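**Q** Next comes run20.txt, compact mmCIF, C-alpha atoms:
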```txt
# COMPACT_ATOMS: atom_id res chain seq x y z
CA MET A 1 -2.13 3.89 31.72
CA PRO A 2 -3.98 0.69 32.70
CA GLN A 3 -2.44 -1.38 35.49
CA PHE A 4 -0.99 -4.70 34.44
CA ASP A 5 0.11 -7.72 36.30
CA PRO A 6 3.73 -6.85 37.21
CA ILE A 7 4.83 -10.36 36.32
CA GLU A 8 3.33 -10.01 32.87
CA GLU A 9 4.88 -6.57 32.49
CA ARG A 10 8.26 -7.99 33.41
CA ALA A 11 7.74 -10.80 30.92
CA ILE A 12 7.03 -8.24 28.19
CA GLU A 13 10.15 -6.29 29.11
CA MET A 14 12.25 -9.42 28.77
CA LEU A 15 11.14 -10.16 25.22
CA ASP A 16 13.69 -9.49 22.52
CA ASP A 17 12.96 -6.85 19.86
CA HIS A 18 11.53 -9.30 17.33
CA GLN A 19 9.30 -11.00 19.88
CA LEU A 20 8.11 -7.62 21.10
CA GLU A 21 7.26 -6.49 17.57
CA ALA A 22 5.36 -9.74 16.97
CA LEU A 23 3.41 -9.16 20.18
CA ARG A 24 2.72 -5.56 19.15
CA ALA A 25 1.26 -6.65 15.84
CA LYS A 26 -0.85 -9.24 17.61
CA THR A 27 -2.15 -7.00 20.40
CA VAL A 28 -2.89 -4.04 18.14
CA ALA A 29 -4.93 -6.20 15.81
CA ALA A 30 -6.79 -7.87 18.67
CA ASP A 31 -7.44 -4.62 20.52
CA ASP A 32 -5.66 -6.20 23.48
CA GLU A 33 -5.12 -3.96 26.48
CA ARG A 34 -1.49 -5.13 26.75
CA PHE A 35 -0.82 -3.17 23.56
CA GLU A 36 -0.03 -0.04 25.54
CA CYS A 37 2.58 -1.82 27.63
CA VAL A 38 4.10 -3.36 24.51
CA LEU A 39 4.13 0.01 22.75
CA TRP A 40 5.82 1.66 25.73
CA ASN A 41 8.57 -0.94 25.78
CA LEU A 42 9.13 -0.78 22.03
CA CYS A 43 9.32 3.00 22.14
CA LEU A 44 11.85 2.92 24.97
CA ARG A 45 14.06 0.77 22.76
CA GLY A 46 13.62 3.19 19.87
CA VAL A 47 14.17 6.53 21.62
CA ALA A 48 17.85 5.89 22.26
CA VAL A 49 18.32 5.44 18.51
CA ILE A 50 16.20 8.50 17.79
CA GLU A 51 18.33 10.56 20.15
CA ARG A 52 21.57 9.36 18.60
CA VAL A 53 20.50 9.78 14.97
CA CYS A 54 18.87 13.18 15.50
CA ARG A 55 21.94 14.42 17.37
CA ALA A 56 24.44 13.21 14.75
CA ARG A 57 22.44 14.23 11.69
CA GLY A 58 21.22 17.45 13.24
CA GLU A 59 24.76 18.58 14.01
CA ALA A 60 25.83 17.66 10.48
CA CYS A 61 22.95 19.73 9.07
CA GLY A 62 23.82 22.72 11.26
CA LEU A 63 20.77 22.54 13.52
CA SER A 64 20.97 24.16 16.94
CA ASP A 65 20.67 22.12 20.15
CA GLN A 66 17.11 23.30 20.57
CA GLU A 67 16.17 22.31 17.03
CA ILE A 68 17.73 18.88 17.55
CA GLU A 69 15.68 18.39 20.70
CA LEU A 70 12.52 19.40 18.84
CA ALA A 71 13.37 16.91 16.10
CA ILE A 72 13.77 14.24 18.79
CA GLU A 73 10.33 15.04 20.23
CA ASP A 74 8.80 15.03 16.76
CA ALA A 75 10.38 11.68 15.98
CA ALA A 76 9.16 10.16 19.25
CA ALA A 77 5.58 11.16 18.43
CA ARG A 78 5.90 9.89 14.87
CA MET A 79 7.27 6.58 16.06
CA LEU A 80 4.16 6.15 18.20
CA LEU A 81 1.96 6.82 15.19
CA ARG A 82 3.87 4.32 13.11
CA LEU A 83 3.72 1.62 15.76
CA SER A 84 -0.05 2.01 15.96
CA ARG A 85 -0.43 0.43 12.56
CA VAL A 86 -1.66 -3.12 12.30
CA GLU A 87 0.88 -4.01 9.62
CA PRO A 88 4.17 -5.58 10.76
CA GLN A 89 6.90 -3.00 11.17
CA PRO A 90 10.66 -3.20 10.63
CA HIS A 91 13.03 -3.73 13.53
CA VAL A 92 12.44 -0.94 16.03
CA HIS A 93 15.99 0.41 15.71
CA ALA A 94 15.71 0.62 11.93
CA LEU A 95 12.31 2.25 12.21
CA ALA A 96 13.54 4.77 14.78
CA ALA A 97 16.55 5.66 12.65
CA GLU A 98 14.41 6.16 9.56
CA ILE A 99 11.94 8.41 11.37
CA ALA A 100 14.69 10.36 13.13
CA ALA A 101 16.43 11.07 9.82
CA ALA A 102 13.16 12.28 8.28
CA CYS A 103 12.49 14.59 11.24
CA VAL A 104 15.92 16.18 11.01
CA GLU A 105 15.81 16.60 7.26
CA ARG A 106 12.49 18.42 7.11
CA PRO A 107 12.74 22.17 6.44
CA TRP A 108 13.52 24.22 9.52
CA PRO A 109 12.39 27.83 9.70
CA MET A 110 15.63 29.07 11.23
CA GLN A 111 17.89 26.87 9.15
CA ARG A 112 20.67 28.68 7.43
CA GLY A 113 20.65 28.46 3.67
CA ALA A 114 22.59 25.69 2.03
CA PRO A 115 26.11 26.68 1.05
CA ARG A 116 26.32 27.98 -2.48
CA LEU A 117 29.22 27.96 -4.88
CA ALA A 118 30.70 31.32 -5.72
CA PRO A 119 30.10 32.36 -9.36
CA ASP A 120 32.84 31.46 -11.77
CA ALA A 121 35.63 34.01 -12.03
CA PRO A 122 35.49 35.85 -15.38
CA GLN A 123 38.00 34.57 -17.88
CA LEU A 124 39.89 37.57 -19.25
CA ARG A 125 42.33 37.56 -22.07
CA LEU A 126 44.38 40.24 -23.71
CA VAL A 127 43.51 41.27 -27.25
CA SER A 128 46.56 42.31 -29.12
CA GLY A 129 46.29 45.58 -30.97
CA LEU A 130 43.26 46.76 -29.02
CA ASP A 131 45.03 49.88 -27.76
CA GLU A 132 45.84 50.97 -31.30
CA ALA A 133 42.33 50.22 -32.49
CA ILE A 134 40.90 52.42 -29.72
CA GLU A 135 43.30 55.23 -30.53
CA SER A 136 42.47 55.07 -34.22
CA GLY A 137 38.75 55.04 -33.45
CA LYS A 138 38.12 51.63 -34.98
CA VAL A 139 36.66 50.45 -31.70
CA ARG A 140 35.34 52.39 -28.79
CA PRO A 141 35.70 51.56 -25.10
CA ASN A 142 32.55 50.07 -23.60
CA ASP A 143 30.29 52.80 -22.33
CA TRP A 144 26.92 52.39 -20.63
CA GLU A 145 25.54 55.27 -22.70
CA ASN A 146 26.36 53.84 -26.13
CA SER A 147 26.54 50.07 -25.60
CA MET B 148 47.22 -18.42 51.52
CA SER B 149 47.75 -20.99 48.80
CA ALA B 150 48.97 -20.11 45.34
CA ALA B 151 45.51 -20.78 43.92
CA GLU B 152 43.83 -18.48 46.45
CA GLU B 153 46.43 -15.84 45.76
CA ALA B 154 45.69 -16.10 42.04
CA VAL B 155 41.96 -15.64 42.69
CA GLU B 156 42.58 -12.54 44.76
CA GLN B 157 44.98 -11.08 42.24
CA VAL B 158 42.61 -11.63 39.31
CA PHE B 159 39.69 -10.29 41.32
CA TRP B 160 41.53 -7.02 42.02
CA GLN B 161 42.59 -6.78 38.42
CA ALA B 162 38.95 -7.12 37.34
CA LEU B 163 37.93 -4.43 39.84
CA ASN B 164 40.57 -2.05 38.53
CA ASP B 165 39.50 -2.71 34.96
CA LEU B 166 35.89 -1.99 35.91
CA LYS B 167 36.88 1.27 37.58
CA GLU B 168 38.77 2.34 34.49
CA GLY B 169 35.97 1.25 32.17
CA SER B 170 38.24 -1.18 30.40
CA GLU B 171 36.75 -4.41 31.65
CA ARG B 172 37.05 -7.56 29.56
CA PRO B 173 34.55 -10.42 29.25
CA ILE B 174 34.22 -12.33 32.52
CA GLU B 175 35.48 -15.49 30.82
CA ASP B 176 38.86 -13.82 30.30
CA TYR B 177 39.30 -13.38 34.07
CA LEU B 178 38.06 -16.88 34.86
CA ARG B 179 40.66 -18.37 32.55
CA LEU B 180 43.41 -16.79 34.66
CA VAL B 181 42.72 -19.01 37.68
CA PRO B 182 42.81 -22.80 38.11
CA ARG B 183 39.58 -24.61 37.18
CA ARG B 184 38.73 -25.40 40.79
CA GLN B 185 38.86 -21.71 41.73
CA ARG B 186 36.69 -20.48 38.85
CA GLU B 187 33.38 -20.89 40.64
CA GLU B 188 34.66 -18.92 43.62
CA LEU B 189 35.94 -16.11 41.40
CA GLY B 190 32.69 -16.14 39.40
CA VAL B 191 30.65 -15.62 42.57
CA MET B 192 32.91 -12.78 43.70
CA LEU B 193 32.67 -11.04 40.35
CA ALA B 194 28.90 -11.58 40.19
CA ASP B 195 28.54 -9.85 43.58
CA VAL B 196 30.51 -6.87 42.35
CA LEU B 197 28.53 -6.59 39.11
CA LEU B 198 25.25 -6.91 40.97
CA ALA B 199 26.20 -4.09 43.32
CA ARG B 200 27.34 -1.99 40.39
CA GLY B 201 23.91 -2.16 38.70
CA PRO B 202 23.09 -2.18 35.01
CA ALA B 203 25.50 -0.59 32.58
CA PRO B 204 24.37 2.75 31.17
CA ALA B 205 22.51 2.57 27.85
CA PRO B 206 24.66 3.32 24.85
CA GLY B 207 24.62 6.64 23.07
CA GLY B 208 24.22 8.95 26.04
CA ALA B 209 20.75 7.65 26.75
CA GLU B 210 20.39 9.92 29.77
CA SER B 211 20.81 13.09 27.76
CA GLU B 212 18.23 15.86 27.70
CA GLY B 213 17.06 14.70 24.28
CA TYR B 214 16.49 11.17 25.55
CA ARG B 215 14.54 12.43 28.55
CA ARG B 216 12.38 14.64 26.34
CA ALA B 217 11.65 11.78 23.95
CA VAL B 218 10.62 9.51 26.82
CA ALA B 219 8.46 12.32 28.21
CA VAL B 220 6.69 12.61 24.84
CA VAL B 221 6.02 8.86 24.73
CA ASP B 222 4.80 8.91 28.32
CA GLU B 223 2.51 11.88 27.74
CA VAL B 224 1.04 10.58 24.49
CA LEU B 225 0.34 7.14 25.95
CA GLY B 226 -1.00 8.69 29.14
CA LYS B 227 -3.61 10.59 27.15
CA ARG B 228 -4.69 7.54 25.19
CA GLY B 229 -8.45 7.30 25.18
CA GLU B 230 -11.48 7.26 22.90
CA ALA B 231 -9.46 8.73 20.05
CA GLY B 232 -6.47 6.47 20.70
CA ILE B 233 -3.11 8.16 20.84
CA LEU B 234 -4.07 10.69 18.16
CA PRO B 235 -4.77 13.62 20.54
CA GLY B 236 -1.41 13.37 22.29
CA ALA B 237 0.49 12.68 19.08
CA LEU B 238 -1.04 15.67 17.29
CA ARG B 239 -0.21 17.93 20.18
CA ALA B 240 3.35 16.61 20.48
CA MET B 241 4.05 16.98 16.75
CA ARG B 242 2.50 20.43 16.67
CA ASN B 243 4.61 21.61 19.59
CA ALA B 244 7.77 20.06 18.17
CA ARG B 245 7.23 21.78 14.85
CA GLY B 246 6.22 25.13 16.32
CA ILE B 247 2.78 25.08 14.70
CA GLU B 248 0.08 27.06 16.50
CA PRO B 249 -3.43 25.55 16.70
CA ASP B 250 -4.58 28.45 14.49
CA GLY B 251 -2.17 27.25 11.83
CA VAL B 252 -3.73 23.78 11.81
CA VAL B 253 -7.23 25.27 11.74
CA ALA B 254 -6.28 27.55 8.83
CA ARG B 255 -5.03 24.55 6.84
CA LEU B 256 -8.17 22.56 7.57
CA ALA B 257 -10.32 25.56 6.63
CA ALA B 258 -8.49 25.86 3.32
CA ASP B 259 -8.80 22.12 2.63
CA PHE B 260 -12.54 22.06 3.24
CA GLY B 261 -13.38 25.49 1.86
CA VAL B 262 -14.52 26.88 5.19
CA GLU B 263 -14.42 30.64 4.82
CA GLY B 264 -17.08 31.99 7.17
CA GLU B 265 -16.45 33.11 10.71
CA ASP B 266 -18.86 30.57 12.21
CA GLY B 267 -17.34 27.71 10.27
CA ARG B 268 -13.82 28.65 11.32
CA ARG B 269 -14.90 28.95 14.94
CA ALA B 270 -16.47 25.50 14.73
CA LEU B 271 -13.25 24.12 13.25
CA ALA B 272 -11.13 25.71 15.98
CA ARG B 273 -13.46 24.46 18.71
CA ASN B 274 -13.56 20.91 17.43
CA TYR B 275 -9.86 20.72 16.71
CA HIS B 276 -9.26 21.79 20.31
CA ARG B 277 -11.64 19.05 21.47
CA LEU B 278 -9.78 16.53 19.35
CA GLU B 279 -6.39 17.50 20.75
CA THR B 280 -7.68 17.35 24.30
CA GLY B 281 -9.08 13.84 23.84
CA ARG B 282 -12.74 14.77 24.02
CA LEU B 283 -13.83 13.26 20.72
CA LEU B 284 -14.48 9.73 19.58
CA GLY B 285 -11.89 8.42 17.16
CA SER B 286 -14.51 6.20 15.53
CA LYS B 287 -16.57 9.27 14.58
CA LEU B 288 -13.78 11.20 12.89
CA SER B 289 -14.18 11.26 9.13
CA ARG B 290 -11.51 9.87 6.87
CA ARG B 291 -11.46 13.18 5.03
CA LEU B 292 -10.54 14.97 8.22
CA LEU B 293 -7.87 12.42 9.13
CA GLY B 294 -6.44 12.66 5.64
CA SER B 295 -6.25 16.42 5.90
CA LEU B 296 -4.56 16.21 9.31
CA ALA B 297 -2.07 13.76 7.84
CA ALA B 298 -1.27 16.28 5.12
CA VAL B 299 -0.85 19.09 7.66
CA PHE B 300 1.64 17.02 9.66
CA GLU B 301 3.18 15.34 6.61
CA VAL B 302 2.56 11.80 7.82
CA ASP B 303 0.95 8.77 6.22
CA PRO B 304 -2.88 8.98 6.46
CA ALA B 305 -2.93 5.29 7.43
CA GLU B 306 -0.88 6.16 10.53
CA VAL B 307 -3.31 8.86 11.59
CA LEU B 308 -6.19 6.48 11.05
CA ALA B 309 -4.48 3.77 13.10
CA ALA B 310 -3.58 6.20 15.87
CA ALA B 311 -7.23 7.25 16.25
CA ARG B 312 -8.27 3.72 17.19
CA PRO B 313 -9.77 3.85 20.70
CA ALA B 314 -7.92 2.38 23.65
CA ALA B 315 -9.12 -1.03 24.81
CA ARG B 316 -10.21 0.33 28.21
CA PRO B 317 -10.51 4.06 27.82
CA PRO B 318 -11.31 6.49 30.60
CA SER B 319 -14.97 7.47 30.71
CA LEU B 320 -15.95 10.53 28.77
CA GLU B 321 -18.45 13.07 29.93
CA GLY B 322 -21.20 14.32 27.70
CA MET B 323 -19.93 13.03 24.41
CA PRO B 324 -22.33 14.47 21.86
CA ALA B 325 -23.49 12.11 19.15
CA MET B 326 -22.89 13.81 15.80
CA GLY B 327 -21.83 16.79 17.86
CA ARG B 328 -25.33 17.84 18.74
CA GLY B 329 -27.59 15.02 19.88
CA GLY B 330 -26.72 13.18 23.08
CA GLY B 331 -24.68 13.74 26.19
CA VAL B 332 -24.73 16.54 28.67
CA ARG B 333 -25.21 19.79 26.87
CA GLY B 334 -24.28 23.08 28.35
CA PRO B 335 -25.64 26.45 27.39
CA GLY B 336 -23.75 28.84 25.20
CA PRO B 337 -22.61 29.26 21.64
CA SER B 338 -20.56 26.05 21.61
CA HIS B 339 -23.74 23.99 21.52
CA PRO B 340 -26.03 25.42 18.86
CA THR B 341 -29.62 24.30 18.82
CA ALA B 342 -31.16 22.64 15.81
CA SER B 343 -32.67 25.89 14.64
CA GLU B 344 -29.23 27.53 14.62
CA LEU B 345 -27.61 24.91 12.38
CA PRO B 346 -28.45 25.98 8.91
CA ASP B 347 -24.95 27.35 8.39
CA PRO B 348 -23.67 24.80 5.88
CA GLU B 349 -20.05 25.32 6.90
CA VAL B 350 -20.77 24.59 10.54
CA GLU B 351 -22.70 21.55 9.47
CA LEU B 352 -19.78 20.41 7.32
CA VAL B 353 -17.42 20.80 10.27
CA GLU B 354 -19.77 18.82 12.48
CA ARG B 355 -19.85 16.04 9.92
CA LEU B 356 -16.07 16.00 9.69
CA PHE B 357 -15.61 15.61 13.44
CA TYR B 358 -18.69 13.59 14.37
CA GLY B 359 -20.05 12.03 11.22
CA GLY B 360 -18.05 8.81 11.13
CA PRO B 361 -15.44 7.56 8.65
CA GLY B 362 -17.55 8.04 5.54
CA ALA B 363 -18.74 11.57 6.26
```
Can you turn what I pasted into structure tokens?

**A**
Amino acid sequence: MPQFDPIEERAIEMLDDHQLEALRAKTVAADDERFECVLWNLCLRGVAVIERVCRARGEACGLSDQEIELAIEDAAARMLLRLSRVEPQPHVHALAAEIAAACVERPWPMQRGAPRLAPDAPQLRLVSGLDEAIESGKVRPNDWENS
Amino acid sequence: MSAAEEAVEQVFWQALNDLKEGSERPIEDYLRLVPRRQREELGVMLADVLLARGPAPAPGGAESEGYRRAVAVVDEVLGKRGEAGILPGALRAMRNARGIEPDGVVARLAADFGVEGEDGRRALARNYHRLETGRLLGSKLSRRLLGSLAAVFEVDPAEVLAAARPAARPPSLEGMPAMGRGGGVRGPGPSHPTASELPDPEVELVERLFYGGPGA
């Protein structure tokens, strides 16, 4: 990582989220070397949200701890990709939450199948007179050989 | 000790106890409990305590293993930023996080570009490895290749394109071949075929994808 003037680095750290995003958009478009420092600071503000969203959603989806941590890593990398774009981006917390949710909700190889509803119970009803009809030969009991 | 001084001391200890129990209230609430003339004194005392205590922990268990791993990913990806921007580190991080082997990526690229021969696949594997290790120029990667990588990793192609933008002051590269075969320091061996060995159209296609520029 290039070395920056510590005073300038500190000034970047002290910017609020909106100011930092504005500086990101400006430095990425201008190919300014401060972009890396800005990106680092924005990502630090996003990873806490990524961690929280991945943990909460991952647990709700039945992911294991290891899978949740992999989703967190995936989301961190994807946030970097997204913040490389020249176009203005949403607030970093909103962006991080959106990416984290997408990373959790992608298909997981070891994920247990979604719960399924049990088939409907058969609805049985008594038919009056059936016993007599069977005895008289009018109807025959169901048989795999003749049905 | 005057009544005012006694009030300052009492409120100060109450604030300390609240801090210890994690149930502290806004500083203004404590200041209101002492006479106006004593507020500055109490404010200084509380400021000293808060300064010694350091910053409050980030919300949401920010020091968890997941948080540390996410920061490590950001650090590693940015640390590898170079002539292909953050793309090499990001590809590697996403691949590892999703449990995709490099062979899996190469197989998808081979299918996308109709590379079926052994030489073509080897060229794909070699160049993909070079891309992930930051040894290629982002400006020479074709849009077709970046689009295919975006599909493999299920991300927006525009993001992959943006991520491949070179760093403003990248580390120097050694022996970067122009179009994969012209300039730079060339070593012997099968990884650097001579012009006479290039007729394989699949190898040539792969070279164009990785070294031919955006329109290739």

**Q** Looking at only C-alpha atoms, which of A:Ser136, A:Arg57, A:Ile99, A:Gln66 is the one that sits closest to Leu81 of chain A?

**A** A:Ile99

**Q** Pick out the closest residue to chain B from this set: A:Ala133, A:Ala25, A:Val38, A:Ala48. Count all atoms listed in the file.

**A**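 Of the candidates, the smallest distance to chain B is held by A:Ala48.
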
**Q** Up to 7 Å from chain A, what residues of chain B turn up? Count only C-alpha atoms and give them as a count of residues only.

**A** 20

**Q** Point out the residue among A:Ala29, A:Glu8, A:Arg45, A:Ser128 with the least atom-to-atom distance to Ala96 of chain A, counting only C-alpha atoms.

**A**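 Nearest candidate to Ala96 of chain A out of A:Ala29, A:Glu8, A:Arg45, A:Ser128: A:Arg45.
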
**Q** Take atom CA of Val104 of chain A and atom CA of Cys61 of chain A and report the distance between them in Å, one decimal.

**A**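 One can read the atom CA of Val104 of chain A to atom CA of Cys61 of chain A distance as 8.1 Å.
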
**Q** Between atom CA of Ser149 of chain B and atom CA of Arg184 of chain B, measure the distance and give it in Å to one decimal.

**A**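 Computing it gives 12.8 Å between the two atoms.
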
**Q** For segment 159-170 of chain B, find every residue with an atom within 8 Å (counting only C-alpha atoms), except residues of its own chain fewer than 4 positions away, and show them as a ChimeraX atom specification.

**A** /B:155,177,189,192-193

**Q** I'd like the interatomic distance between atom CA of Arg355 of chain B and atom CA of Arg239 of chain B, to a tenth of an Å.

**A**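 Spanning atom CA of Arg355 of chain B to atom CA of Arg239 of chain B is a straight-line distance of 22.2 Å.
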
**Q** Can you pull out the residues contacting Pro313 of chain B? Cut-off 7 Å, using all atoms listed in the file, and skip same-chain residues under 3 positions away; I want them as a list in words.

**A**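 In the requested form, the answer reads Gly229, Glu230, Ala231, Gly232 and Gly285 of chain B.
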